[in-house]
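Undergrad: I am attaching a structure below and will ask some questions about it afterwards.
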Amino acid sequence: MRVSKFLKDLVTTGASQVGVILFGVVLLRIMASVLDVKNFGLFMVIRRVLPVLLPVVTLNLNIGLARYVSFEKEKARYYLHISLIIGTLLTVLTFIVLALFSRFFSLAIFDSKDYINLVFLLGFFLFAEVIHLIVFSYFRGKMDMNIANAMRLLFMGLPVPLAGIFFILGMDNYSTILYLFFSIYTVGGVIISLYYLKKEWSWGLFKTIFKEGKAFNFEKSRSLIMYSLVRIPSLILIALLFSFPVLYATHKISVAASGYVGIVVSVLHLLTLFSMPFNLIFLPKFSSLIKNNQVENIKNYSMIILDFTFTFLPIIAIMLFGLTRHIVLLWFGPKYLITVDSVAAAILSSVFYLAYALIRGILDGLYEFPFVNIITLAGLLTMVVLSLLMGNSVFELSAALCCGLFILGISTIFVLVKKLRLSIPWMKVLIALMGCGVLFLLLTVVDNKIAGLKLNTWYTFALCTFYRGILFVLAWWFYWRKTLWYTEILKRITIKVPIKEDVMMYEE
C-alpha cells in the first residue's frame with residue numbers, strides 16, 4: 001500500500017493531536033483533584049492568559065514561519081534565527097514589564113493584589129512557550145511533521161507525570177503546587193525545544209544577522225515580519241474570545257465560577273484540537289499551491305474541505321452532545337457537574353469553531369491580507385456584547401461564547417466562498433442538516449431509555465459509547481463513503497499487488 005505524503009502527514013499529525021488531547025484531559029483531571037476549586041480557577045486563568053500574550057511576545061512569527069519557510073525554502077534557517085532573536089528579546093522585555101507593574105497585573109488578571117508571585121511565574125513560563133512555538137512552527141513550515149509532532153507530544157505530555165507526582169505526594173499547599181508545576185514545566189519545556197533545535201541553529205548565523213553587508217540582514221526578514229505582524233490582532237482576538245469569559249467570571253461572579261467557565265473553555269478547546277492537523281498542514285500546503293499558481297487545485301481542495309465541514313463535523317458533535325454528563329463526571333468529578341449544560345452547548349458550537357480552524361489555514365496560506373482579523377473581531381464582539389447583556393451566570397457566559405463561535409464559523413465559510421467564487425451545493429447541505437436533526441432525536445430517545453435503566457455510571461457511558469460506535473460505522477457505510485473528502489482519501493491510497501512472474505514452458 002502506498003500512501004501520499006500529505007495523507008501520511010495528516011494521519012501522523014492527527015494521531016499526535018489525539019495524544020495532545022489525551023494529555024490535556026488527564027492533566028485537567030489530575031489538577032482538578034490535586035487543587036481546591038479556588039486554586040484550580042487560578043490555574044485555569046494562567047492557561048487562558050498565555051494565549052493572549054503569546055502573539056504579542058512572538059510578533060506572531062510562528063504563523064509567518066509556517067508560511068515563509070515553505071514559500072522561500074532557501075531562507076528557512078535565516079527565518080528561524082531571526083525569529084528566535086526577536087522572540088527572546090521580547091520575552092525578556094515582557095518579563096521586565098510584568099515585574100515592574102506586578103501589582104497592576106495581579107489585580108487585572110486575578111482580581112486581587114495577592115498574586116504577585118503568579119505574575120512573575122506567568123512571565124517565566126512565557127519563555128518556554130515562546131521557544132517551543134517558534135521551533136515547532138519552523139519544522140511545520142519545512143513540512144517535517146515527524147519532528148514537529150514528536151516535539152509537540154513531548155512538550156504537551158511533560159506536565160502530566162509532573163501533576164501525577166503532586167497527586168501521589170498528596171500535597172495540600174496549593175500555592176506551592178502551582179509554583180512548582182509551572183517552574184519545572186518551564187525548565188523542561190525549554191530543554192525539549194533546544195534538543196530538537198541543536199542541528200538547526202548556528203552561532204555564526206546569529207552573528208552574521210547583525211553585520212551589515214553580509215549574506216543575511218534584517219531587510220531579508222521584512223516579508224516574514226510584516227506578514228506575521230498584520231495577523232497579530234487575529235490571534236489576540238481569538239485568545240480573548242476564549243479568555244474573556246474566564247476573566248469576566250473572575251471579576252463579576254467569583255474565582256470559583258472562573259474555574260467552571262474554564263472547564264467549558266477547556267473542553268471546547270480540546271475538541272477543536274482535532275482540527276489542528278489540517279490547519280498545521282493546510283497553511284504551508286496552500287502557500288505552495290498559490291506560489292505555483294495551481295488555481296484549479298486550490299478550488300477543488302477547498303470544496304473538499306467544505307464538504308467535510310458540512311457532512312462530518314455536525315454528526316460527530318451531535319454524538320458527543322449526549323455524552324456530556326459522563327464526560328464531565330468522569331473527567332472532572334462530581335463537584336463540577338454544575339457545568340454540564342454549559343459544556344453541552346459548547347460541544348454543539350464546536351462545529352463552527354472547527355470550521356474556522358480548518359479554513360483559516362487556507363486563507364492565511366493563499367492571501368497576504370489578514371481576513372482572519374475581520375472574522376475574529378466579528379466573533380469576539382458578538383460574544384462580548386452578549387456577555388455584558390446577560391453574563392450573570394456560568395451558563396449565560398457559555399451561551400454568549402457559543403454565539404461568538406457561530407459568527408466565527410459562518411464568517412470564515414463566507415469569506416472562502418466569496419474569494420474563490422465557489423458554488424455551495426445547497427441541496428447537499430440541506431440533506432446533511434436534516435440527517436443531523438433525525439440523528440439528534442434518535443440519540444435523545446435512546447439515551448433517555450438507557451438512563452431509565454439506572455445503571456452504574458461506567459456501564460451507562462460504555463453502553464452509550466458502544467451504540468454510537470455502531471451508528472458511526474453505519475454513517476460511514478451509507479453516507480460518508482459517497483462524500484468528496486472520502487473519495488479524495490481513496491485517491492491518495494494505492495495498493496500495489498505484487499506480480500508473480502510465470503515460467504513459460506515451450507514445447508519444441
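Each chain in the C-alpha cells gets a letter, A, B, ..., in the order shown, and its residues are numbered from 1; ligands are numbered from 1 in order too.
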Give me, as an MDAnalysis selection string, all polymer residues having an atom no more than 9 Å from stretch 364-372 of chain A, counting only C-alpha atoms and skipping those fewer than 3 positions away in the same chain.
TA: chainID A and resid 63 67 227 230:231 233:235 282:291 298 359:361 375:377 412 415
Undergrad: Skip stretch 423-425 of chain A itself and residues of its chain fewer than 3 positions away, then list as a PyMOL selection string all residues within 12 Å of it, counting only C-alpha atoms.
TA: chain A and resi 299-300+302-307+309-311+413-414+416-420+428-432+484
Undergrad: Under the rule that only C-alpha atoms are counted, which of A:Ile318, A:Ile82, A:Leu241, A:Met156 is the nearest residue to A:Val351?
TA: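 Using only C-alpha atoms, the shortest distance to A:Val351 belongs to A:Ile318.
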Undergrad: What's the separation between atom CA of A:Cys403 and atom CA of A:Leu358, in Å to one decimal place?
TA: 18.7 Å
Undergrad: Quick one: residues within 9 Å of A:Thr91, only C-alpha atoms counted, chain neighbours fewer than 2 positions away excluded, as a ChimeraX atom specification?
TA: /A:57-58,86-89,93-96,123-124,126-127,130
Undergrad: Skip A:Leu122 itself and residues of its chain fewer than 4 positions away, then list as number ranges by chain all residues within 9 Å of it, counting only C-alpha atoms.
TA: A: 46, 49-50, 95, 98, 117-118, 126, 182
Undergrad: Only N, CA and C atoms, please: the residues just picked out, written as a compact mmCIF listing (two decimals), in the first residue's frame.
TA:
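Result written to part12.txt:
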# COMPACT_ATOMS: atom_id res chain seq x y z
N ILE A 46 -4.34 31.28 34.38
CA ILE A 46 -2.98 31.34 33.81
C ILE A 46 -2.96 30.70 32.42
N VAL A 49 -4.62 33.14 29.94
CA VAL A 49 -3.93 34.41 29.70
C VAL A 49 -2.75 34.23 28.75
N LEU A 50 -2.08 33.08 28.82
CA LEU A 50 -0.92 32.83 27.98
C LEU A 50 -1.20 33.00 26.49
N PHE A 95 8.87 40.26 30.56
CA PHE A 95 9.11 39.88 31.96
C PHE A 95 9.44 41.11 32.80
N LEU A 98 6.18 43.01 33.39
CA LEU A 98 5.37 42.30 34.39
C LEU A 98 5.93 42.50 35.79
N ASN A 117 3.30 36.87 42.92
CA ASN A 117 4.20 35.77 42.58
C ASN A 117 3.72 35.00 41.34
N LEU A 118 2.40 34.90 41.18
CA LEU A 118 1.87 34.24 39.99
C LEU A 118 2.14 35.05 38.73
N LEU A 126 6.30 31.98 30.16
CA LEU A 126 6.11 32.52 28.82
C LEU A 126 7.30 32.19 27.92
N PHE A 182 4.57 25.11 37.35
CA PHE A 182 4.94 25.96 36.22
C PHE A 182 6.45 26.18 36.13
Undergrad: Using only C-alpha atoms, which residues sit within 10 Å of A:Leu313 once same-chain residues fewer than 6 positions away are excluded, as a list in words?
TA: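 Neighbouring residues, sequence-local ones excluded: Asp307, Leu348, Ser350, Val351, Phe352, Leu354 and Ala355 of chain A.
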Undergrad: Generate the output file for the selected residues, N, CA and C atoms, as a JSON list (two decimals), in the first residue's frame.
TA:
[["chain", "number", "residue", "atom", "x", "y", "z"],
["A", 307, "ASP", "N", -17.00, 20.28, 2.06],
["A", 307, "ASP", "CA", -17.79, 19.05, 2.10],
["A", 307, "ASP", "C", -17.57, 18.32, 3.43],
["A", 348, "LEU", "N", -21.82, 21.46, 20.95],
["A", 348, "LEU", "CA", -22.55, 21.71, 19.71],
["A", 348, "LEU", "C", -21.95, 22.86, 18.91],
["A", 350, "SER", "N", -18.95, 23.76, 18.87],
["A", 350, "SER", "CA", -17.58, 23.47, 18.43],
["A", 350, "SER", "C", -17.50, 23.26, 16.92],
["A", 351, "VAL", "N", -18.63, 22.88, 16.30],
["A", 351, "VAL", "CA", -18.66, 22.70, 14.85],
["A", 351, "VAL", "C", -18.23, 23.98, 14.14],
["A", 352, "PHE", "N", -18.69, 25.12, 14.64],
["A", 352, "PHE", "CA", -18.40, 26.40, 13.98],
["A", 352, "PHE", "C", -16.94, 26.81, 14.20],
["A", 354, "LEU", "N", -14.51, 24.65, 14.66],
["A", 354, "LEU", "CA", -13.74, 23.72, 13.84],
["A", 354, "LEU", "C", -13.73, 24.17, 12.38],
["A", 355, "ALA", "N", -14.86, 24.68, 11.92],
["A", 355, "ALA", "CA", -14.92, 25.21, 10.55],
["A", 355, "ALA", "C", -13.93, 26.35, 10.38]]
Undergrad: Using only C-alpha atoms, which of A:Val56, A:Ala66, A:Ile109, A:Met171 sits nearest A:Ile236?
TA: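 Nearest to A:Ile236: A:Val56.
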Undergrad: For a quick check of understanding, using only C-alpha atoms, which of A:Val255, A:Phe308, A:Leu28, A:Ile85 has the smallest distance to A:Arg481?
TA: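 So, comparing all the options, the nearest one is A:Phe308.
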